[in-house]
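In what follows, a single structure is set out as structure tokens and then discussed.
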There are 2 protein chains.
Amino acid sequence: MNGRFPIAVHILTLLSKAGDELLSSDYMAGSININPALARKEISNLRNLGLITSKEGKSGGYSLGKSAKQITLADVYLAIKNQPVLGVAKNTPNPDCPVGKQINKNIDQLYADLDKTLLKKLGSISIEDFSNQFD
Amino acid sequence: MNGRFPIAVHILTLLSKAGDELLSSDYMAGSININPALARKEISNLRNLGLITSKEGKSGGYSLGKSAKQITLADVYLAIKNQPVLGVAKNTPNPDCPVGKQINKNIDQLYADLDKTLLKKLGSISIEDFSNQFD
DNA sequence: TAAACTGTAACATAATTAATTACAATTAAA
DNA sequence: TTTAATTGTAATTAATTATGTTACAGTTTA
């Protein structure tokens with residue numbers, strides 16, 4: 001789980017609370033306490049996936065691309081990982097060793113299994129659920 | 001999930017297959033294709049947790065500290081993470097924002113929840129199970 | 001007593017991630 | 001119609017983390 005996940009969740013939570021009002025990257029970056037360009041980079045990613053819509057120009061900004069109920073943390077997690085959630089085996093073990101020869105395949109399979117487990121859990125939590133935890 | 005996990009699993013799998021025979025760090029590092037000192041570093045960690053026992057000196061080496069049936073992948077995962085498995089929220093968001101003020105607490109809680117989910121799954125797989133997947 | 005090991009610290013390198021700067025493009029409002 | 005606020009994105013730098021290496025003292029057995 002990397003640092004982009006909480007940033008993405010933070011952004012979506014802010015937008016969820018904002019409703020129809022557009023929020024600027026500056027405002028959201030201020031809430032997260034990161035650089036606005038970094039926020040926009042993540043927003044851009046989420047926008048490509050339809051989770052956020054944007055409006056350019058003066059008095060532009062961002063809002064949710066679908067309802068907070070329809071967006072789950074699984075969407076967010078998948079959004080911040082191009083690869084399988086828990087990574088892929090990437091050692092290059094000794095092919096002459098019976099264990100080394102097969103371990104990457106077995107580790108990959110394990111990771112896929114864990115991915116499924118995690119995504120199921122994350123899929124059960126919507127942005128609405130998450131943002132309802134706030135006062 | 002970091003690169004130490006597959007290394008630790010690899011080591012334990014080799015030891016599981018070796019039974020009573022002691023394996024050297026050199027041999028295991030050769031199977032994993034990493035530096036022996038790096039292997040010993042991870043072994044040292046696993047040994048501190050009782051998963052491995054060692055014998056120093058000539059014809060020394062390593063063997064499992066408990067039966068392969070008793071060691072689960074949850075043990076391994078906890079071994080390679082000092083902190084909660086999926087990390088802790090570490091941004092320093094704006095305390096003047098109602099979302100920023102509370103988000104770390106909520107993210108931490110989510111991570112704890114995900115930890116539990118993952119560990120449950122990992123706890124259901126023993127090193128014996130894992131190493132039985134090999135020919 | 002020499003050889004084969006472990007144990008560990010200190011250091012170096014590589015890889016990844018995060019942050020910053022910069023500026024073109026767009027749009028609304030003055 | 002011009003100015004100001006804003007997005008979009010690329011390029012660069014800085015910081016952090018992870019990995020790999022070297023070195024050598026300590027231990028044990030043959």
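Chain lettering (A, B, ...) mirrors the order of the structure tokens, residue numbering begins at 1 for each chain separately, and ligand numbering begins at 1 in order of display.
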
For the structure I just gave you, how does DSSP split region 64-120 of chain A - specifically, which residues are alpha helix (DSSP H)? Reply as a VMD selection string. chain A and resid 73 to 80 98 to 120

Both chains have the same sequence, so match all Cα atoms in order, fit chain A onto chain B by least squares, and return it as an mmCIF file with C-alpha atoms, in the first residue's frame.
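Now in selection01.cif:
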```cif
data_model
loop_
_atom_site.group_PDB
_atom_site.id
_atom_site.type_symbol
_atom_site.label_atom_id
_atom_site.label_comp_id
_atom_site.auth_asym_id
_atom_site.auth_seq_id
_atom_site.Cartn_x
_atom_site.Cartn_y
_atom_site.Cartn_z
ATOM 1 C CA MET A 1 4.255 -6.389 -0.176
ATOM 2 C CA ASN A 2 7.973 -5.916 -0.407
ATOM 3 C CA GLY A 3 10.838 -7.935 -1.805
ATOM 4 C CA ARG A 4 11.718 -9.482 1.514
ATOM 5 C CA PHE A 5 8.572 -11.563 1.634
ATOM 6 C CA PRO A 6 9.418 -13.818 -1.320
ATOM 7 C CA ILE A 7 12.964 -14.175 -0.023
ATOM 8 C CA ALA A 8 11.725 -15.277 3.382
ATOM 9 C CA VAL A 9 9.244 -17.701 1.843
ATOM 10 C CA HIS A 10 11.936 -19.066 -0.429
ATOM 11 C CA ILE A 11 14.261 -19.697 2.492
ATOM 12 C CA LEU A 12 11.597 -21.421 4.546
ATOM 13 C CA THR A 13 10.558 -23.533 1.578
ATOM 14 C CA LEU A 14 14.126 -24.710 1.042
ATOM 15 C CA LEU A 15 14.462 -25.571 4.718
ATOM 16 C CA SER A 16 11.157 -27.341 4.684
ATOM 17 C CA LYS A 17 12.312 -29.545 1.838
ATOM 18 C CA ALA A 18 15.692 -30.135 3.471
ATOM 19 C CA GLY A 19 14.230 -31.720 6.576
ATOM 20 C CA ASP A 20 16.987 -32.424 9.108
ATOM 21 C CA GLU A 21 19.843 -31.621 6.766
ATOM 22 C CA LEU A 22 21.375 -28.228 7.523
ATOM 23 C CA LEU A 23 21.532 -25.745 4.670
ATOM 24 C CA SER A 24 24.138 -22.993 4.454
ATOM 25 C CA SER A 25 23.385 -19.362 3.721
ATOM 26 C CA ASP A 26 25.588 -19.706 0.664
ATOM 27 C CA TYR A 27 23.520 -22.521 -0.720
ATOM 28 C CA MET A 28 20.223 -20.745 -0.104
ATOM 29 C CA ALA A 29 21.496 -17.437 -1.430
ATOM 30 C CA GLY A 30 22.518 -19.335 -4.560
ATOM 31 C CA SER A 31 19.011 -20.668 -5.003
ATOM 32 C CA ILE A 32 17.461 -17.246 -4.532
ATOM 33 C CA ASN A 33 20.241 -15.533 -6.447
ATOM 34 C CA ILE A 34 21.057 -12.929 -3.855
ATOM 35 C CA ASN A 35 24.061 -12.067 -1.747
ATOM 36 C CA PRO A 36 24.722 -14.507 1.130
ATOM 37 C CA ALA A 37 24.968 -11.666 3.642
ATOM 38 C CA LEU A 38 21.558 -10.479 2.592
ATOM 39 C CA ALA A 39 20.190 -13.965 3.046
ATOM 40 C CA ARG A 40 21.772 -14.177 6.482
ATOM 41 C CA LYS A 41 20.206 -10.856 7.406
ATOM 42 C CA GLU A 42 16.759 -12.186 6.647
ATOM 43 C CA ILE A 43 17.518 -15.514 8.279
ATOM 44 C CA SER A 44 18.642 -13.659 11.370
ATOM 45 C CA ASN A 45 15.294 -11.959 11.535
ATOM 46 C CA LEU A 46 13.399 -15.212 11.109
ATOM 47 C CA ARG A 47 15.597 -16.866 13.689
ATOM 48 C CA ASN A 48 14.806 -14.166 16.242
ATOM 49 C CA LEU A 49 11.181 -15.133 15.825
ATOM 50 C CA GLY A 50 11.849 -18.814 16.295
ATOM 51 C CA LEU A 51 11.045 -19.791 12.729
ATOM 52 C CA ILE A 52 14.605 -20.919 12.052
ATOM 53 C CA THR A 53 17.366 -22.419 14.176
ATOM 54 C CA SER A 54 21.026 -22.124 13.331
ATOM 55 C CA LYS A 55 24.266 -23.904 14.059
ATOM 56 C CA GLU A 56 27.504 -21.954 13.870
ATOM 57 C CA GLY A 57 30.930 -23.098 12.797
ATOM 58 C CA LYS A 58 32.185 -25.542 10.231
ATOM 59 C CA SER A 59 29.441 -27.772 8.834
ATOM 60 C CA GLY A 60 26.949 -25.447 10.489
ATOM 61 C CA GLY A 61 23.849 -24.104 8.802
ATOM 62 C CA TYR A 62 20.134 -23.665 9.225
ATOM 63 C CA SER A 63 16.982 -25.652 9.716
ATOM 64 C CA LEU A 64 13.375 -24.862 10.571
ATOM 65 C CA GLY A 65 12.677 -23.757 14.120
ATOM 66 C CA LYS A 66 9.301 -25.473 14.104
ATOM 67 C CA SER A 67 7.533 -27.839 11.803
ATOM 68 C CA ALA A 68 6.543 -26.581 8.374
ATOM 69 C CA LYS A 69 2.953 -27.247 9.330
ATOM 70 C CA GLN A 70 3.165 -24.853 12.254
ATOM 71 C CA ILE A 71 4.615 -21.952 10.303
ATOM 72 C CA THR A 72 2.103 -19.925 8.323
ATOM 73 C CA LEU A 73 2.567 -17.182 5.781
ATOM 74 C CA ALA A 74 1.057 -14.835 8.346
ATOM 75 C CA ASP A 75 4.120 -15.477 10.506
ATOM 76 C CA VAL A 76 6.311 -14.647 7.554
ATOM 77 C CA TYR A 77 4.444 -11.493 6.695
ATOM 78 C CA LEU A 78 4.539 -10.259 10.254
ATOM 79 C CA ALA A 79 8.223 -11.117 10.358
ATOM 80 C CA ILE A 80 9.116 -8.837 7.499
ATOM 81 C CA LYS A 81 7.002 -5.924 8.699
ATOM 82 C CA ASN A 82 7.736 -4.185 11.947
ATOM 83 C CA GLN A 83 4.774 -1.924 11.408
ATOM 84 C CA PRO A 84 1.185 -2.860 10.542
ATOM 85 C CA VAL A 85 1.221 -4.841 7.339
ATOM 86 C CA LEU A 86 -0.126 -2.223 4.993
ATOM 87 C CA GLY A 87 1.636 0.720 6.588
ATOM 88 C CA VAL A 88 0.315 3.660 8.507
ATOM 89 C CA ALA A 89 -1.113 6.956 7.326
ATOM 90 C CA LYS A 90 1.727 9.400 7.327
ATOM 91 C CA ASN A 91 0.569 12.491 5.486
ATOM 92 C CA THR A 92 0.239 15.649 7.517
ATOM 93 C CA PRO A 93 -2.993 17.068 6.170
ATOM 94 C CA ASN A 94 -4.412 20.470 6.920
ATOM 95 C CA PRO A 95 -5.879 20.496 10.452
ATOM 96 C CA ASP A 96 -8.184 23.366 9.521
ATOM 97 C CA CYS A 97 -10.012 21.208 7.004
ATOM 98 C CA PRO A 98 -12.693 18.953 8.469
ATOM 99 C CA VAL A 99 -11.589 16.142 6.188
ATOM 100 C CA GLY A 100 -7.862 16.728 6.633
ATOM 101 C CA LYS A 101 -8.305 16.854 10.377
ATOM 102 C CA GLN A 102 -9.705 13.345 10.644
ATOM 103 C CA ILE A 103 -8.478 11.428 7.647
ATOM 104 C CA ASN A 104 -5.406 9.853 9.198
ATOM 105 C CA LYS A 105 -7.477 8.269 11.900
ATOM 106 C CA ASN A 106 -9.904 6.885 9.351
ATOM 107 C CA ILE A 107 -7.185 5.632 7.033
ATOM 108 C CA ASP A 108 -5.413 3.953 9.935
ATOM 109 C CA GLN A 109 -8.593 2.220 10.886
ATOM 110 C CA LEU A 110 -9.094 1.037 7.326
ATOM 111 C CA TYR A 111 -5.550 -0.310 7.179
ATOM 112 C CA ALA A 112 -6.026 -2.191 10.436
ATOM 113 C CA ASP A 113 -9.161 -3.717 8.978
ATOM 114 C CA LEU A 114 -7.343 -4.734 5.796
ATOM 115 C CA ASP A 115 -4.482 -6.141 7.838
ATOM 116 C CA LYS A 116 -6.889 -8.379 9.633
ATOM 117 C CA THR A 117 -8.359 -9.587 6.368
ATOM 118 C CA LEU A 118 -4.980 -10.320 4.842
ATOM 119 C CA LEU A 119 -3.566 -12.005 7.904
ATOM 120 C CA LYS A 120 -6.544 -14.276 8.133
ATOM 121 C CA LYS A 121 -5.917 -15.438 4.600
ATOM 122 C CA LEU A 122 -2.162 -15.763 5.093
ATOM 123 C CA GLY A 123 -2.698 -17.605 8.339
ATOM 124 C CA SER A 124 -4.585 -20.304 6.472
ATOM 125 C CA ILE A 125 -1.533 -21.217 4.388
ATOM 126 C CA SER A 126 1.343 -23.081 6.031
ATOM 127 C CA ILE A 127 4.874 -23.427 4.736
ATOM 128 C CA GLU A 128 4.066 -27.076 4.316
ATOM 129 C CA ASP A 129 1.124 -26.176 2.084
ATOM 130 C CA PHE A 130 3.274 -23.799 0.130
ATOM 131 C CA SER A 131 6.159 -26.168 -0.366
ATOM 132 C CA ASN A 132 3.850 -28.992 -1.355
ATOM 133 C CA GLN A 133 3.142 -27.002 -4.490
ATOM 134 C CA PHE A 134 6.634 -27.840 -5.713
ATOM 135 C CA ASP A 135 7.529 -30.997 -7.569
#
```

Give as a ChimeraX atom specification every residue of chain C that touches chain A within 8 Å, counting only C-alpha atoms (C1' of nucleotides). /C:19-20,26-28

Can those selected residues be exported to a file as a CSV table (one decimal), in the first residue's frame so that it contains N, CA and C atoms (P, O5', C5', C4', C3', O3' and C1' of nucleotides)?
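Output file part22.csv follows:
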```csv
chain,number,residue,atom,x,y,z
C,19,DA,P,5.4,14.5,-1.2
C,19,DA,O5',6.3,15.5,-2.0
C,19,DA,C5',7.6,15.8,-1.6
C,19,DA,C4',8.2,16.8,-2.5
C,19,DA,C3',7.3,18.0,-2.7
C,19,DA,O3',8.1,19.1,-2.3
C,19,DA,C1',8.1,17.2,-4.8
C,20,DT,P,7.6,20.6,-2.4
C,20,DT,O5',8.1,21.0,-3.8
C,20,DT,C5',9.5,20.9,-4.1
C,20,DT,C4',9.8,21.4,-5.5
C,20,DT,C3',9.1,22.7,-5.8
C,20,DT,O3',10.2,23.6,-6.0
C,20,DT,C1',8.9,21.2,-7.6
C,26,DT,P,-7.0,24.6,-25.8
C,26,DT,O5',-7.8,25.1,-24.5
C,26,DT,C5',-8.2,24.2,-23.5
C,26,DT,C4',-8.9,24.9,-22.4
C,26,DT,C3',-10.1,25.7,-22.9
C,26,DT,O3',-11.2,25.1,-22.2
C,26,DT,C1',-8.8,27.0,-21.4
C,27,DT,P,-12.7,25.2,-22.7
C,27,DT,O5',-13.2,26.4,-21.8
C,27,DT,C5',-13.2,26.1,-20.4
C,27,DT,C4',-13.3,27.5,-19.6
C,27,DT,C3',-14.5,28.3,-20.1
C,27,DT,O3',-15.5,28.2,-19.0
C,27,DT,C1',-12.6,29.6,-19.6
C,28,DA,P,-16.9,28.8,-19.1
C,28,DA,O5',-16.7,30.0,-18.1
C,28,DA,C5',-16.1,29.7,-16.8
C,28,DA,C4',-15.9,31.0,-16.1
C,28,DA,C3',-17.1,32.0,-16.1
C,28,DA,O3',-17.3,32.5,-14.8
C,28,DA,C1',-15.2,33.1,-16.9
```

Mind running chain D against chain B at 8 Å and telling me each contacting residue's nearest atom pair with the distance in Å (one decimal), counting only C-alpha atoms (C1' of nucleotides), chain and number ascending, as JSON lines?
```
{"residue": "D:DG20", "atom": "C1'", "partner": "B:Asn35", "partner_atom": "CA", "distance": 6.9}
{"residue": "D:DT21", "atom": "C1'", "partner": "B:Asn35", "partner_atom": "CA", "distance": 8.0}
{"residue": "D:DT27", "atom": "C1'", "partner": "B:Gly57", "partner_atom": "CA", "distance": 4.7}
{"residue": "D:DT28", "atom": "C1'", "partner": "B:Gly57", "partner_atom": "CA", "distance": 4.0}
{"residue": "D:DT29", "atom": "C1'", "partner": "B:Lys58", "partner_atom": "CA", "distance": 5.5}
```

Give the strand (DSSP E or B) residues of region 1-59 of chain A, as DSSP finds them on the backbone, and put them as a PDB file with N, CA and C atoms, in the first residue's frame.
```
ATOM      1  N   LEU A  23     -14.328  21.833  -6.629  1.00  0.00           N
ATOM      2  CA  LEU A  23     -13.154  22.137  -5.796  1.00  0.00           C
ATOM      3  C   LEU A  23     -11.925  22.262  -6.684  1.00  0.00           C
ATOM      4  N   ILE A  52     -13.617  10.930 -11.497  1.00  0.00           N
ATOM      5  CA  ILE A  52     -13.665  12.381 -11.303  1.00  0.00           C
ATOM      6  C   ILE A  52     -13.952  13.028 -12.652  1.00  0.00           C
ATOM      7  N   THR A  53     -14.697  14.141 -12.626  1.00  0.00           N
ATOM      8  CA  THR A  53     -14.825  14.962 -13.828  1.00  0.00           C
ATOM      9  C   THR A  53     -14.231  16.335 -13.530  1.00  0.00           C
ATOM     10  N   SER A  54     -13.761  16.988 -14.582  1.00  0.00           N
ATOM     11  CA  SER A  54     -13.092  18.265 -14.362  1.00  0.00           C
ATOM     12  C   SER A  54     -13.659  19.331 -15.284  1.00  0.00           C
ATOM     13  N   LYS A  55     -13.471  20.561 -14.888  1.00  0.00           N
ATOM     14  CA  LYS A  55     -13.865  21.698 -15.711  1.00  0.00           C
ATOM     15  C   LYS A  55     -12.681  22.663 -15.746  1.00  0.00           C
TER      16      LYS A  55
END
```

Taking only C-alpha atoms (C1' of nucleotides) into account, name the residue in D:DA30, D:DG8, D:DA15, D:DA25 that is nearest to DT1 (chain C).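 So, comparing all the options, the nearest one is D:DA30.
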